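Visitor: This structure is in structure tokens; I'll ask about it shortly.
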Amino acid sequence: MTAAIDVICPAWNRSEAIRPTIDSVLAQTFDDWRLIVVSDGCTDDTDDVVRSYDDERVQLIRTERHGHPGGPRNIGLAASTAPAIAYLDSDDLWLPEHLAVLRREFDSGARLVATASIGMNAQGEEEYRSHPLNGLWHPELQLLWPLYEPSRVGHVRGLPESVGGWTTDHTGMEDWDLWLRLADAGERFTTVADRTVVMFLSDTSRRRTMTVSHHLTLGTLPDEAACGKLTEAIRDPEVQDELRSCFATEMLRFYSAKAASGELVMPKGMTTDEALTGMEKFVTDPATPMLRELTFVQEEDHFAVVHPLQCSSDRHAERLRAFLRTHDAGRHAIVRRLIATVSR
């Protein structure tokens, strides 16, 4: 069968827990879809649960164990025939309008679409609703943050294949890696404010357990005592205000320039003034601590002061360092000044 949208859902040992995910597809108001569940070498009864659905639109592909969703997603893409693709992770849910929203945007000419989301904890309690500012997108912003989770994304047929498909490296953030490669190839996200995805958050998710192996070095300190002094200095309220002022100035300059050039993607319905006003409120929020993530790496005869970088690859890290050196130079200068002070 050929549907308007093929839905690719990689799954491993979900058993009955996959039913709410499948049921959320069955509940879509847009019903011209096919759900391709790719069983990643499941050793429980997940396959039987999927086969138990008496709906020809729900289909199962069984593959050998990959231990990573990139491989199963590539297999799902190879089996797809629809002009558009959507992704749904086996522990997430869609609200009934999700596919209708994607189809609306595809019909308007979009090629790569991300919707908004709701985050739930393991107890079934709502933890967040994605902020409208999360819908601001630019290729350089894609360097900074893993925008967006697969369950929120749909695209026209052939996009991943055009840049080599989903990575099968076991380093995590395979979605971030793919969206970066698509951005480099000239693709642009269309974002919408419609919250159509329910994300279930886990302390064991790859996003939360991924090893941070890249960093940006800001200076060196002679000993542990100096490291402690720098930590205290950065937490000083006056220093926090100075850091926040620099951060706000440089980020607002960046967003304003991208908006003025027409390159800043905004959620449908958001104006430039609304975007910049909201961003100003965000970057000047005194409740947000500045540079608490700085850490220290012991080397032969000193400690390096480093800013950890969560990245999808070595190349990504190189590009992110270059971006931060340009657009976060003010805060880095303050840190270097404090390093010099505590090293005396």
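Letters for chains follow the order of the structure tokens (A, B, ...), residue numbers begin at 1 for each chain, and ligand numbers begin at 1 in the order shown.
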Dump as a tab-separated table the rows for residues of stretch 258-295 of chain A within 12 Å of stretch 98-116 of chain A: closest atom pair and distance in Å with one decimal, only C-alpha atoms counted, ordered by chain and rising residue number.
Guide:
residue	atom	partner	partner_atom	distance
A:Val265	CA	A:Val113	CA	11.3
A:Met266	CA	A:Ala114	CA	11.3
A:Pro267	CA	A:Thr115	CA	9.0
A:Lys268	CA	A:Glu105	CA	9.9
Visitor: Write out, as a Markdown table, each residue of stretch 290-338 of chain A that has an atom at most 7 Å from stretch 238-254 of chain A, together with the closest pair of atoms and their distance in Å to one decimal, counting only C-alpha atoms, rows going by chain and rising number.
Guide:
| residue | atom | partner | partner_atom | distance |
| --- | --- | --- | --- | --- |
| A:Met290 | CA | A:Gln240 | CA | 6.1 |
| A:His327 | CA | A:Glu250 | CA | 6.0 |
| A:Asp328 | CA | A:Glu250 | CA | 6.7 |
| A:Gly330 | CA | A:Cys246 | CA | 5.5 |
| A:Arg331 | CA | A:Leu243 | CA | 5.4 |
Visitor: Using only C-alpha atoms, please write the residues we just selected to a file, as a short mmCIF file (atom, residue, chain, number, x, y, z; two decimals), in the first residue's frame.
Guide:
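Generated output (part_22.cif):
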data_model
loop_
_atom_site.label_atom_id
_atom_site.label_comp_id
_atom_site.auth_asym_id
_atom_site.auth_seq_id
_atom_site.Cartn_x
_atom_site.Cartn_y
_atom_site.Cartn_z
CA MET A 290 25.59 31.84 33.97
CA HIS A 327 29.33 34.99 19.64
CA ASP A 328 30.26 34.37 23.29
CA GLY A 330 32.30 38.73 26.06
CA ARG A 331 31.65 36.07 28.68
#
Visitor: As JSON, numbers by chain, list the residues of stretch 111-244 of chain A assigned to strand (DSSP E) by DSSP on the backbone atoms of this structure.
Guide: {"A": [112, 113, 114, 115, 116, 117, 118, 119, 120, 126, 127, 128, 129, 153, 154, 155, 156, 190, 191, 192, 193, 194, 195, 196, 197, 198, 199, 200, 214, 215, 216, 217, 218, 219, 220, 221]}
Visitor: Can you tell me which residues surround A:Ser313 at a distance of at most 9 Å, considering only C-alpha atoms, apart from same-chain residues fewer than 4 positions away, and format the answer as a list of chain:residue names?
Guide: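 Near A:Ser313, the qualifying residues are A:Thr171, A:Asp177, A:His214, A:Ala317, A:Glu318.
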Visitor: Could you state the separation of atom CA of A:Leu60 and atom CA of A:Ala84 in Å, given to one decimal place?
Guide: 18.8 Å
Visitor: Using only C-alpha atoms, find the one residue out of A:Ser343, A:Ser130, A:Thr196, A:Ser151 that sits nearest to A:Gly219.
Guide: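 The shortest atom-to-atom distance to A:Gly219 comes from A:Ser343.
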Visitor: May I have all residues of stretch 47-267 of chain A that DSSP, computed from the backbone, assigns to alpha helix (DSSP H), given as a PyMOL selection string?
Guide: chain A and resi 47-51+70-79+98-107+139-144+159-162+174-184+206-209+224-235+237-260
Visitor: Neighbours of stretch 180-188 of chain A within 8 Å (only C-alpha atoms; same-chain residues fewer than 3 positions away dropped), as a PyMOL selection string?
Guide: chain A and resi 111-112+138-139+142-143+159-160+163+176-177
Visitor: Quick one: pull the distance between atom CA of A:Glu125 and atom CA of A:Ser15, Å, one decimal.
Guide: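 Computed distance, atom CA of A:Glu125 to atom CA of A:Ser15, equals 22.6 Å.
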Visitor: Wanna dump the stretch 57-112 of chain A-stretch 39-53 of chain A contacts at 7 Å for me, each residue with its shortest atom pair and the distance in Å to one decimal, counting only C-alpha atoms, ordered by chain and number, as JSON lines?
Guide:
{"residue": "A:Val58", "atom": "CA", "partner": "A:Tyr53", "partner_atom": "CA", "distance": 6.9}
{"residue": "A:Leu60", "atom": "CA", "partner": "A:Val50", "partner_atom": "CA", "distance": 6.8}
{"residue": "A:Ile61", "atom": "CA", "partner": "A:Ser39", "partner_atom": "CA", "distance": 6.0}
{"residue": "A:Arg62", "atom": "CA", "partner": "A:Ser39", "partner_atom": "CA", "distance": 4.7}
{"residue": "A:Thr63", "atom": "CA", "partner": "A:Asp40", "partner_atom": "CA", "distance": 5.5}
{"residue": "A:Glu64", "atom": "CA", "partner": "A:Gly41", "partner_atom": "CA", "distance": 4.7}
{"residue": "A:Arg65", "atom": "CA", "partner": "A:Gly41", "partner_atom": "CA", "distance": 4.2}
{"residue": "A:His66", "atom": "CA", "partner": "A:Asp40", "partner_atom": "CA", "distance": 6.2}
{"residue": "A:Pro72", "atom": "CA", "partner": "A:Asp40", "partner_atom": "CA", "distance": 6.4}
Visitor: I need the residue nearest A:Arg73 from this list: A:Glu161, A:Glu140, A:Glu126, A:Asp32. Use only C-alpha atoms for the distance.
Guide: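 For A:Arg73, the nearest of the given residues is A:Glu161.
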Visitor: Looking at A:His332, A:Lys281, A:Val7, A:His131, which one is nearest to A:Val153, with distances taken over only C-alpha atoms?
Guide: A:Val7
Visitor: Mind checking which residues fall within 10 Å of A:Gly278, counting only C-alpha atoms, ignoring those fewer than 5 positions away in the same chain, and posting them as a compact mmCIF listing (two decimals) with N, CA, C and O atoms, in the first residue's frame?
Guide:
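Okay, this is what ended up in result_38.txt:
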# COMPACT_ATOMS: atom_id res chain seq x y z
N HIS A 131 8.71 25.95 24.70
CA HIS A 131 8.49 27.40 24.60
C HIS A 131 8.42 27.79 23.12
O HIS A 131 9.12 27.20 22.28
N PRO A 132 7.59 28.76 22.77
CA PRO A 132 7.55 29.21 21.37
C PRO A 132 8.92 29.58 20.83
O PRO A 132 9.19 29.41 19.63
N LEU A 133 9.82 30.07 21.71
CA LEU A 133 11.17 30.42 21.24
C LEU A 133 11.94 29.19 20.77
O LEU A 133 12.92 29.32 20.02
N THR A 272 8.50 39.14 14.00
CA THR A 272 9.89 39.42 14.37
C THR A 272 9.96 40.13 15.71
O THR A 272 10.80 39.81 16.56
N ASP A 273 9.09 41.11 15.93
CA ASP A 273 9.08 41.83 17.20
C ASP A 273 8.79 40.90 18.37
O ASP A 273 9.43 40.99 19.42
N VAL A 283 17.04 35.84 27.62
CA VAL A 283 18.48 35.95 27.86
C VAL A 283 18.81 36.88 29.03
O VAL A 283 19.96 36.88 29.50
Visitor: Pick the closest to A:Asp169 from A:Thr341, A:Thr288, A:Ser312, A:Thr326: which is it, counting only C-alpha atoms?
Guide: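 Distance minimum relative to A:Asp169 lands on A:Ser312.
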Visitor: Work out how far atom CA of A:Val297 is from atom CA of A:Ala225, in Å to one decimal.
Guide: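 Atom-to-atom, atom CA of A:Ala225 and atom CA of A:Val297 are spaced 13.7 Å apart.
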Visitor: For A:Leu218, find every residue with an atom within 12 Å (counting only C-alpha atoms), except residues of its own chain fewer than 5 positions away, and show them as a ChimeraX atom specification.
Guide: /A:291,294-297,303-308,321,324-325,328-329,331-340
Visitor: Find, counting only C-alpha atoms, the residue in A:Ala79, A:Met120, A:Tyr128, A:Trp145 that gets nearest to A:Ser202.
Guide: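 That would be A:Met120, the residue with the smallest distance to A:Ser202.
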